[in-house]
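This is upload24.cif. It holds mmCIF, C-alpha atoms.
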data_input
#
loop_
_atom_site.label_atom_id
_atom_site.label_comp_id
_atom_site.auth_asym_id
_atom_site.auth_seq_id
_atom_site.Cartn_x
_atom_site.Cartn_y
_atom_site.Cartn_z
CA MET A 1 -16.87 -10.53 -20.46
CA ALA A 2 -17.08 -9.14 -16.93
CA TYR A 3 -14.10 -7.25 -15.50
CA LEU A 4 -13.09 -6.96 -11.86
CA ASN A 5 -12.31 -3.86 -9.90
CA ASP A 6 -8.59 -4.68 -9.76
CA HIS A 7 -8.08 -2.40 -6.79
CA TYR A 8 -9.63 -5.08 -4.55
CA LEU A 9 -6.72 -7.34 -5.45
CA LYS A 10 -4.34 -4.92 -3.73
CA LEU A 11 -5.94 -5.55 -0.33
CA LYS A 12 -3.65 -7.29 2.12
CA ALA A 13 -4.79 -10.72 3.37
CA GLY A 14 -8.19 -10.68 5.06
CA TYR A 15 -9.86 -7.84 6.87
CA LEU A 16 -8.57 -7.83 10.48
CA PHE A 17 -11.67 -9.05 12.29
CA PRO A 18 -12.51 -11.97 9.98
CA GLU A 19 -8.92 -13.18 10.49
CA ILE A 20 -9.41 -13.00 14.25
CA GLY A 21 -12.65 -14.92 13.84
CA ARG A 22 -10.89 -17.60 11.80
CA ARG A 23 -8.19 -18.10 14.44
CA VAL A 24 -10.69 -18.18 17.29
CA LYS A 25 -12.88 -20.71 15.44
CA ALA A 26 -9.88 -22.99 14.86
CA PHE A 27 -8.89 -22.70 18.53
CA CYS A 28 -12.39 -23.54 19.76
CA GLU A 29 -12.69 -26.56 17.49
CA ALA A 30 -9.34 -27.88 18.67
CA ASN A 31 -9.91 -27.05 22.37
CA PRO A 32 -13.59 -27.56 23.28
CA ALA A 33 -12.94 -27.39 27.02
CA ALA A 34 -11.06 -24.09 26.73
CA ALA A 35 -13.71 -22.78 24.34
CA ALA A 36 -16.27 -23.02 27.13
CA ARG A 37 -14.33 -20.45 29.19
CA LEU A 38 -13.45 -18.15 26.29
CA ILE A 39 -13.93 -14.42 26.94
CA ARG A 40 -13.99 -12.02 24.02
CA CYS A 41 -12.33 -8.63 24.42
CA GLY A 42 -11.53 -8.28 20.73
CA ILE A 43 -13.98 -6.49 18.47
CA GLY A 44 -15.70 -3.40 19.85
CA ASP A 45 -19.13 -4.99 20.14
CA VAL A 46 -21.32 -3.99 23.06
CA THR A 47 -22.73 -6.64 25.39
CA GLU A 48 -25.35 -4.94 27.56
CA PRO A 49 -29.07 -4.85 26.62
CA LEU A 50 -30.64 -1.89 24.86
CA PRO A 51 -31.75 0.92 27.21
CA PRO A 52 -35.35 0.48 28.42
CA ALA A 53 -36.36 3.77 26.76
CA VAL A 54 -35.17 2.36 23.43
CA VAL A 55 -37.02 -0.92 23.93
CA ALA A 56 -40.24 0.94 24.74
CA ALA A 57 -39.82 3.11 21.63
CA LEU A 58 -39.22 0.03 19.48
CA HIS A 59 -42.40 -1.64 20.75
CA LYS A 60 -44.45 1.50 20.19
CA ALA A 61 -43.06 1.90 16.65
CA VAL A 62 -43.80 -1.73 15.83
CA ASP A 63 -47.39 -1.21 16.97
CA GLU A 64 -47.61 1.85 14.71
CA MET A 65 -46.42 -0.24 11.78
CA GLY A 66 -49.23 -2.70 12.51
CA ALA A 67 -52.04 -0.20 11.97
CA ARG A 68 -53.04 1.34 8.65
CA GLU A 69 -53.50 4.78 10.23
CA THR A 70 -49.92 4.94 11.54
CA PHE A 71 -48.10 2.65 9.10
CA LYS A 72 -44.95 4.12 7.49
CA GLY A 73 -43.57 3.15 4.10
CA TYR A 74 -40.56 4.80 2.49
CA GLY A 75 -39.15 7.53 4.66
CA PRO A 76 -36.76 10.34 3.70
CA GLU A 77 -33.43 8.77 2.76
CA GLN A 78 -31.48 11.32 4.80
CA GLY A 79 -33.54 10.63 7.94
CA TYR A 80 -36.82 11.76 9.45
CA GLU A 81 -36.91 15.45 10.36
CA TRP A 82 -37.74 14.77 14.01
CA LEU A 83 -34.60 12.65 14.52
CA ARG A 84 -32.35 15.07 12.65
CA ALA A 85 -33.72 17.89 14.79
CA ALA A 86 -33.10 15.95 18.01
CA ILE A 87 -29.52 15.20 16.94
CA ALA A 88 -28.69 18.75 15.87
CA LYS A 89 -30.11 20.25 19.07
CA ASN A 90 -28.84 17.80 21.68
CA ASP A 91 -25.46 16.83 20.26
CA PHE A 92 -24.46 20.18 18.81
CA ARG A 93 -26.51 23.34 19.38
CA ASP A 94 -26.93 22.66 23.13
CA ARG A 95 -23.13 22.48 23.25
CA GLY A 96 -22.64 25.71 21.34
CA CYS A 97 -21.95 24.16 17.93
CA ASP A 98 -23.62 25.66 14.86
CA VAL A 99 -25.22 22.66 13.13
CA ALA A 100 -28.52 22.89 11.24
CA ASP A 101 -31.06 20.06 11.23
CA ASP A 102 -30.67 19.48 7.49
CA GLU A 103 -26.89 19.17 7.81
CA VAL A 104 -27.44 15.86 9.63
CA PHE A 105 -27.68 12.69 7.51
CA VAL A 106 -28.95 9.57 9.31
CA SER A 107 -27.37 6.28 8.21
CA ASP A 108 -26.89 2.66 9.22
CA GLY A 109 -23.34 3.06 10.49
CA THR A 110 -20.22 5.21 10.72
CA LYS A 111 -18.23 2.41 9.10
CA CYS A 112 -20.50 2.74 6.07
CA ASP A 113 -20.41 6.54 6.05
CA THR A 114 -16.62 6.85 6.17
CA GLY A 115 -16.34 4.47 3.23
CA ASN A 116 -19.28 5.78 1.23
CA LEU A 117 -18.10 9.38 1.48
CA LEU A 118 -15.35 8.51 -1.00
CA ASP A 119 -18.07 8.43 -3.68
CA ILE A 120 -18.10 12.24 -3.74
CA LEU A 121 -14.34 12.78 -3.48
CA GLY A 122 -11.98 12.74 -6.46
CA HIS A 123 -8.99 10.55 -7.22
CA LYS A 124 -6.42 13.39 -7.11
CA ASN A 125 -6.61 13.77 -3.34
CA ARG A 126 -3.52 13.17 -1.23
CA ILE A 127 -4.93 11.25 1.71
CA ALA A 128 -3.44 11.23 5.21
CA ILE A 129 -4.29 8.47 7.67
CA SER A 130 -3.11 7.90 11.24
CA ASP A 131 -1.00 4.85 12.02
CA PRO A 132 -2.28 2.89 13.88
CA VAL A 133 -5.90 3.47 12.85
CA TYR A 134 -9.26 1.81 12.27
CA PRO A 135 -8.49 -0.32 9.17
CA VAL A 136 -11.67 0.61 7.29
CA TYR A 137 -10.21 4.03 6.43
CA VAL A 138 -7.31 2.42 4.60
CA ASP A 139 -9.17 -0.47 2.97
CA THR A 140 -11.97 1.66 1.53
CA ASN A 141 -9.43 3.96 -0.09
CA VAL A 142 -7.68 0.94 -1.57
CA MET A 143 -11.01 -0.30 -2.95
CA ALA A 144 -11.75 3.12 -4.43
CA GLY A 145 -8.41 3.21 -6.27
CA HIS A 146 -6.89 6.02 -4.22
CA THR A 147 -3.69 4.11 -3.41
CA GLY A 148 -0.87 2.22 -5.04
CA ASP A 149 0.26 -1.24 -4.02
CA ALA A 150 1.24 -2.19 -0.47
CA ASN A 151 4.86 -2.79 0.49
CA ASP A 152 6.11 -5.68 2.65
CA ALA A 153 5.17 -3.76 5.81
CA GLY A 154 1.59 -3.33 4.56
CA ALA A 155 1.88 0.41 3.84
CA TYR A 156 0.19 1.56 0.64
CA ALA A 157 1.82 3.87 -1.87
CA ARG A 158 0.15 7.28 -2.27
CA LEU A 159 -1.18 7.30 1.29
CA VAL A 160 0.47 9.66 3.78
CA TYR A 161 0.83 7.87 7.11
CA LEU A 162 0.80 9.95 10.31
CA PRO A 163 2.68 8.08 13.07
CA CYS A 164 0.95 7.84 16.45
CA ARG A 165 3.36 7.01 19.26
CA PRO A 166 3.65 7.51 23.02
CA SER A 167 5.78 10.59 22.29
CA ASN A 168 2.83 12.42 20.69
CA GLY A 169 0.19 10.89 22.94
CA PHE A 170 -1.01 8.76 20.01
CA ILE A 171 -2.55 11.87 18.42
CA PRO A 172 -1.09 12.60 14.96
CA THR A 173 0.49 15.92 14.10
CA PRO A 174 0.03 17.61 10.70
CA PRO A 175 2.49 16.51 8.00
CA LYS A 176 5.10 18.92 6.71
CA ARG A 177 3.80 18.66 3.12
CA PRO A 178 0.24 19.58 2.15
CA VAL A 179 -2.42 16.87 1.96
CA ASP A 180 -6.02 17.12 0.83
CA VAL A 181 -8.03 14.71 2.98
CA ILE A 182 -7.22 13.76 6.58
CA TYR A 183 -8.87 11.05 8.70
CA LEU A 184 -8.98 11.88 12.41
CA CYS A 185 -10.57 9.69 15.08
CA SER A 186 -11.08 11.02 18.61
CA PRO A 187 -11.43 9.33 21.02
CA ASN A 188 -9.24 7.08 18.98
CA ASN A 189 -9.83 3.54 17.89
CA PRO A 190 -7.61 1.60 18.67
CA THR A 191 -5.40 3.59 21.07
CA GLY A 192 -8.07 5.19 23.26
CA ALA A 193 -6.33 8.59 23.00
CA ALA A 194 -8.52 11.72 22.92
CA ALA A 195 -7.36 14.87 21.14
CA SER A 196 -7.09 18.04 23.20
CA ARG A 197 -8.61 21.35 22.14
CA GLU A 198 -5.15 22.63 21.25
CA GLN A 199 -4.45 19.59 19.05
CA LEU A 200 -7.76 19.95 17.20
CA GLU A 201 -7.16 23.68 16.77
CA THR A 202 -3.83 22.83 15.13
CA TRP A 203 -5.57 20.48 12.70
CA VAL A 204 -8.33 22.95 11.83
CA LYS A 205 -5.73 25.65 11.22
CA TYR A 206 -3.79 23.26 8.96
CA ALA A 207 -6.92 22.27 7.03
CA LEU A 208 -8.01 25.87 6.47
CA GLU A 209 -4.51 26.89 5.40
CA HIS A 210 -4.20 24.06 2.86
CA LYS A 211 -7.91 23.94 1.91
CA ALA A 212 -7.97 20.34 3.12
CA LEU A 213 -10.90 18.26 4.32
CA LEU A 214 -10.97 16.71 7.81
CA LEU A 215 -12.99 13.50 8.16
CA PHE A 216 -13.60 13.47 11.91
CA ASP A 217 -14.78 10.17 13.40
CA ALA A 218 -16.33 10.87 16.82
CA ALA A 219 -18.04 7.50 17.28
CA TYR A 220 -16.74 7.28 20.87
CA GLU A 221 -17.35 10.87 21.98
CA ALA A 222 -19.82 9.78 24.69
CA TYR A 223 -16.89 8.21 26.58
CA ILE A 224 -15.06 11.51 27.06
CA THR A 225 -14.80 12.18 30.80
CA ASP A 226 -12.23 15.00 30.71
CA PRO A 227 -14.18 18.31 30.56
CA ALA A 228 -11.28 19.94 28.69
CA VAL A 229 -11.54 17.49 25.75
CA PRO A 230 -13.89 18.56 22.91
CA HIS A 231 -16.74 16.22 21.99
CA SER A 232 -17.08 17.64 18.47
CA ILE A 233 -14.74 19.12 15.88
CA TYR A 234 -17.31 21.90 15.51
CA GLU A 235 -16.33 23.20 18.95
CA ILE A 236 -13.25 24.53 17.15
CA PRO A 237 -13.77 27.86 15.29
CA GLY A 238 -13.49 27.42 11.53
CA ALA A 239 -14.22 23.69 11.54
CA ARG A 240 -17.50 24.12 9.66
CA ASP A 241 -15.43 25.19 6.65
CA CYS A 242 -13.13 22.18 6.67
CA ALA A 243 -14.66 19.18 8.48
CA ILE A 244 -17.26 16.42 8.22
CA GLU A 245 -18.13 14.69 11.49
CA PHE A 246 -19.28 11.08 11.86
CA ARG A 247 -21.11 9.70 14.88
CA SER A 248 -22.80 6.46 15.84
CA PHE A 249 -25.42 5.21 18.28
CA SER A 250 -23.64 1.84 18.43
CA LYS A 251 -21.31 2.46 21.35
CA ASN A 252 -23.42 4.81 23.48
CA GLY A 253 -26.92 3.38 22.96
CA GLY A 254 -25.90 -0.21 22.21
CA PHE A 255 -27.03 -0.10 18.57
CA THR A 256 -24.35 -2.40 17.10
CA GLY A 257 -27.07 -4.87 16.15
CA THR A 258 -29.79 -2.25 15.61
CA ARG A 259 -27.84 0.00 13.21
CA CYS A 260 -28.15 3.76 13.32
CA ALA A 261 -25.58 6.53 12.95
CA TYR A 262 -25.21 9.90 11.28
CA ALA A 263 -22.85 12.24 9.47
CA VAL A 264 -22.79 16.03 9.63
CA VAL A 265 -21.97 17.78 6.35
CA PRO A 266 -21.98 21.58 6.78
CA LYS A 267 -23.42 23.59 3.91
CA SER A 268 -20.41 25.94 4.09
CA LEU A 269 -18.02 23.10 3.21
CA ASN A 270 -16.53 23.16 -0.31
CA ALA A 271 -14.12 21.17 -2.47
CA GLN A 272 -12.50 21.86 -5.81
CA THR A 273 -13.41 20.45 -9.23
CA LYS A 274 -10.86 19.40 -11.86
CA SER A 275 -11.37 22.76 -13.55
CA GLY A 276 -10.62 24.66 -10.34
CA GLU A 277 -14.17 25.65 -9.34
CA TRP A 278 -15.26 25.39 -5.72
CA LYS A 279 -18.45 23.42 -5.14
CA ALA A 280 -20.41 22.61 -1.99
CA LEU A 281 -20.20 19.04 -0.68
CA HIS A 282 -23.60 19.10 1.05
CA PRO A 283 -25.75 18.79 -2.12
CA LEU A 284 -23.44 16.08 -3.48
CA TRP A 285 -23.76 13.99 -0.31
CA LEU A 286 -27.52 14.56 -0.38
CA ARG A 287 -27.65 13.32 -3.97
CA ARG A 288 -25.47 10.32 -3.18
CA THR A 289 -27.61 9.45 -0.15
CA THR A 290 -30.94 9.74 -1.96
CA THR A 291 -29.63 7.76 -4.95
CA LYS A 292 -27.83 4.86 -3.23
CA PHE A 293 -29.61 4.53 0.12
CA ASN A 294 -33.23 3.97 1.11
CA GLY A 295 -32.80 5.20 4.65
CA VAL A 296 -32.78 3.70 8.13
CA SER A 297 -36.05 2.03 9.12
CA TYR A 298 -38.74 4.08 10.86
CA ILE A 299 -38.67 1.70 13.84
CA VAL A 300 -34.94 2.13 14.40
CA GLN A 301 -35.08 5.91 14.00
CA ARG A 302 -37.78 6.10 16.68
CA ALA A 303 -35.49 4.01 18.89
CA ALA A 304 -32.61 6.43 18.28
CA GLU A 305 -34.86 9.39 19.07
CA ALA A 306 -35.61 7.81 22.47
CA LEU A 307 -31.95 8.15 23.42
CA TYR A 308 -32.52 11.92 23.63
CA SER A 309 -35.40 11.63 26.10
CA PRO A 310 -34.58 12.38 29.77
CA GLU A 311 -34.89 8.67 30.54
CA GLY A 312 -32.80 7.72 27.53
CA LYS A 313 -30.01 10.13 28.44
CA ALA A 314 -29.84 8.78 31.99
CA GLN A 315 -29.78 5.19 30.76
CA VAL A 316 -27.00 5.96 28.27
CA ARG A 317 -24.94 7.53 31.07
CA ARG A 318 -25.27 4.33 33.08
CA LEU A 319 -24.15 2.25 30.09
CA ILE A 320 -21.11 4.47 29.57
CA GLU A 321 -20.25 4.32 33.27
CA HIS A 322 -20.48 0.53 33.13
CA TYR A 323 -18.07 0.17 30.20
CA LEU A 324 -15.67 2.78 31.58
CA GLY A 325 -15.72 0.87 34.87
CA ASN A 326 -14.68 -2.22 32.92
CA ALA A 327 -11.93 -0.19 31.27
CA LYS A 328 -10.57 0.79 34.70
CA VAL A 329 -10.52 -2.86 35.79
CA LEU A 330 -8.76 -3.94 32.59
CA ARG A 331 -6.25 -1.07 32.71
CA GLU A 332 -5.25 -2.01 36.22
CA GLY A 333 -5.12 -5.71 35.39
CA ALA A 334 -2.95 -5.18 32.31
CA ALA A 335 -0.61 -2.90 34.27
CA LYS A 336 -0.23 -5.54 37.00
CA ALA A 337 0.56 -8.02 34.22
CA ARG A 338 3.61 -5.82 33.53
CA LEU A 339 2.21 -4.35 30.32
CA LYS A 340 2.52 -0.62 29.68
CA VAL A 341 -1.03 0.66 29.26
CA PHE A 342 -2.59 3.62 27.46
CA GLY A 343 -6.20 4.65 26.83
CA GLY A 344 -9.21 3.46 28.80
CA LEU A 345 -9.88 6.88 30.36
CA ASN A 346 -11.85 8.71 27.66
CA ALA A 347 -12.50 5.61 25.55
CA PRO A 348 -13.57 1.97 25.99
CA TYR A 349 -10.23 0.62 24.69
CA ILE A 350 -6.99 -0.20 26.45
CA TRP A 351 -3.89 -0.01 24.27
CA ALA A 352 -1.18 -2.17 25.83
CA LYS A 353 2.50 -2.25 24.86
CA LEU A 354 3.97 -5.76 24.77
CA PRO A 355 7.34 -6.87 26.15
CA SER A 356 10.24 -6.31 23.76
CA GLY A 357 10.49 -8.90 21.00
CA VAL A 358 6.85 -10.08 21.24
CA THR A 359 4.82 -9.38 18.08
CA SER A 360 1.15 -8.51 18.13
CA TRP A 361 0.00 -11.78 16.56
CA GLN A 362 2.30 -13.79 18.85
CA ALA A 363 0.63 -12.06 21.79
CA PHE A 364 -2.81 -12.74 20.31
CA ASP A 365 -2.08 -16.47 20.09
CA LYS A 366 -0.44 -16.59 23.52
CA ILE A 367 -3.33 -14.81 25.27
CA LEU A 368 -5.86 -16.95 23.39
CA ASN A 369 -4.13 -20.23 24.25
CA GLU A 370 -2.98 -19.50 27.80
CA ALA A 371 -5.67 -17.15 29.11
CA ASN A 372 -8.50 -18.13 26.75
CA VAL A 373 -9.14 -14.44 26.07
CA VAL A 374 -9.59 -12.82 22.65
CA ILE A 375 -7.91 -9.44 22.18
CA THR A 376 -6.99 -7.55 18.98
CA PRO A 377 -3.41 -7.51 17.64
CA GLY A 378 -2.16 -3.96 17.23
CA SER A 379 -0.46 -4.67 13.91
CA GLY A 380 -3.90 -5.09 12.36
CA PHE A 381 -4.33 -1.33 12.75
CA GLY A 382 -1.12 -0.40 10.93
CA SER A 383 2.63 -0.86 11.11
CA LYS A 384 2.96 1.47 14.12
CA GLY A 385 0.56 -0.81 15.99
CA GLU A 386 3.10 -3.63 15.97
CA GLY A 387 4.14 -4.51 19.50
CA TYR A 388 0.76 -3.52 20.97
CA VAL A 389 -2.62 -5.15 21.58
CA ARG A 390 -6.06 -3.58 21.98
CA ILE A 391 -8.29 -4.79 24.82
CA SER A 392 -11.99 -3.94 24.58
CA ALA A 393 -13.98 -2.98 27.68
CA PHE A 394 -17.28 -4.02 26.11
CA ASN A 395 -18.25 -6.87 28.40
CA SER A 396 -19.88 -7.75 31.71
CA ARG A 397 -18.12 -6.60 34.89
CA ALA A 398 -17.59 -10.21 35.94
CA ASN A 399 -15.86 -10.97 32.63
CA ALA A 400 -13.70 -7.86 32.85
CA GLU A 401 -12.57 -8.85 36.35
CA GLU A 402 -11.86 -12.42 35.21
CA VAL A 403 -9.83 -11.19 32.21
CA ALA A 404 -7.78 -8.96 34.54
CA ARG A 405 -7.05 -11.98 36.77
CA ARG A 406 -6.08 -14.18 33.82
CA LEU A 407 -3.76 -11.55 32.35
CA GLN A 408 -1.96 -11.19 35.68
CA ALA A 409 -1.45 -14.96 35.84
CA MET A 410 0.36 -15.05 32.50
CA LYS A 411 4.14 -15.10 32.20
CA TRP A 412 5.84 -13.24 29.34
#
Spell out the structure here as structure tokens.
Amino acid sequence: MAYLNDHYLKLKAGYLFPEIGRRVKAFCEANPAAAARLIRCGIGDVTEPLPPAVVAALHKAVDEMGARETFKGYGPEQGYEWLRAAIAKNDFRDRGCDVADDEVFVSDGTKCDTGNLLDILGHKNRIAISDPVYPVYVDTNVMAGHTGDANDAGAYARLVYLPCRPSNGFIPTPPKRPVDVIYLCSPNNPTGAAASREQLETWVKYALEHKALLLFDAAYEAYITDPAVPHSIYEIPGARDCAIEFRSFSKNGGFTGTRCAYAVVPKSLNAQTKSGEWKALHPLWLRRTTTKFNGVSYIVQRAAEALYSPEGKAQVRRLIEHYLGNAKVLREGAAKARLKVFGGLNAPYIWAKLPSGVTSWQAFDKILNEANVVITPGSGFGSKGEGYVRISAFNSRANAEEVARRLQAMKW
């Protein structure tokens, strides 16, 4: 007899984005004329082509794979040394952060890394998660058995929820009681808020005091325009002893369909065993990676390396400027539509507060049916996201301008 992992049965409904896909599919089938003018500002998927430097690197790597002399088979599961070195130097050491090459682990996505990291963490941890937040953090903990059942509002027992509201700038503050593992995302998905240096210093101080672990998702750091906002948790003194950082090439280099990301696990980072001993996390993550993962393809890693070339860096800047330009257009359009807007300054997401009495899913259906635009309902990110919607700036400029016009034409 085969037995299920019963924890999966605790998951609420469907994962957010498949549910959006189901509703959009039903709408398109029922309204073929409207489907032809549909614009998607829902999931955070990029739309612009890969940077030319990346395309050139891909072609060159494919040619190498076509010759016996330069063919590559299995590579190191944790990533080729030349890519890890480029990451550590350009993203960290050049910015004054102490990160060694072998503390970088190349992967196929931050979504995967934040979920897979639970393999090396125990079941006794008290886990704190922002609300609203990227739903993968919650769902992977449910799957791993780190929570109890969900209540009617969708909140899971044994998770500590950290409310994010306009009053705290949508950046969570440390809880009054100690917790063991904290998920932080800055710039934040979905709210677009970016944590200040002072806010991150508060979290590092809390983590060091309580011997807690910060899981810092910096997938959108390339969108930070405010020079006072840190790009990495490791800009904060002491963070190497309490934080793992996750980054992705998806939203800066357009790798959503190419798949490459990385996690930084400092060798000075420790966690406690059941017997009370302190053990380093770095060798455990290395063992997990080399056991359960065969590594990102050579071709894709060469493409990622090209992002650090002078040409690649310039092309990435232009991509970021394009999407942030869209965000400005959408912010202004949503504001003129009488929605209260947040985000869109250091992130590619606009977080819009709905008129009183309108739920997130009601707004989703209304915007889909009346404006033929797909957005993301805020309630899909947690109970504190109710009454908001997320609008993605990943699109063409023409589409962003058209969405702004359609939003302004709606009546609430």
Expansion of the PyMOL selection byres ((chain A and resi 79) around 8) into residues, as a JSON list (two decimals) with C-alpha atoms, in the coordinates of the input:
[["chain", "number", "residue", "atom", "x", "y", "z"],
["A", 75, "GLY", "CA", -39.15, 7.53, 4.66],
["A", 76, "PRO", "CA", -36.76, 10.34, 3.70],
["A", 77, "GLU", "CA", -33.43, 8.77, 2.76],
["A", 78, "GLN", "CA", -31.48, 11.32, 4.80],
["A", 80, "TYR", "CA", -36.82, 11.76, 9.45],
["A", 81, "GLU", "CA", -36.91, 15.45, 10.36],
["A", 83, "LEU", "CA", -34.60, 12.65, 14.52],
["A", 84, "ARG", "CA", -32.35, 15.07, 12.65],
["A", 105, "PHE", "CA", -27.68, 12.69, 7.51],
["A", 106, "VAL", "CA", -28.95, 9.57, 9.31],
["A", 107, "SER", "CA", -27.37, 6.28, 8.21],
["A", 295, "GLY", "CA", -32.80, 5.20, 4.65],
["A", 296, "VAL", "CA", -32.78, 3.70, 8.13],
["A", 301, "GLN", "CA", -35.08, 5.91, 14.00]]
- Item | 9 Å contact set for Arg165 (chain A), all atoms listed in the file, chain neighbours under 3 positions out, as a ChimeraX atom specification | /A:131-132,168-172,384-385
- Message: I'd like the contact shell of Phe342 (chain A) - 10 Å cut-off, only C-alpha atoms, skipping same-chain residues fewer than 2 positions apart - returned as a PyMOL selection string.
- Response: chain A and resi 166+169-170+191-193+331+335+339-340+344-345+349-353+390
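Among the candidates A:Glu305, A:Thr376, A:Tyr323, A:Asp365, the residue lying nearest to Ala57 (chain A) is A:Glu305 (atoms considered: all atoms listed in the file).
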- Task: Just say which residues the PyMOL selection byres ((chain A and resi 110) around 9) picks in this file, as number ranges by chain.
- Result: A: 107-109, 111-115, 217, 219, 246-248, 260-263
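With distances restricted to only C-alpha atoms, A:Pro266 is the closest residue to Asp101 (chain A) from A:Gly357, A:Pro266, A:Gly343, A:Pro283.
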- Given the PyMOL selection byres ((chain A and resi 405) around 10), the residues it picks as a PyMOL selection string: chain A and resi 329-330+333-334+336-337+371+399-404+406-410
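Compared by their closest atoms to Ala363 (chain A), and using all atoms listed in the file, the residues A:Thr291, A:Gly276, A:Trp412, A:Ala398 rank with A:Trp412 nearest.
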- Query: What's the 6 Å shell around Asn346 (chain A), counting only C-alpha atoms, without same-chain residues fewer than 5 positions away, as a ChimeraX atom specification?
  - Reply: /A:223-225
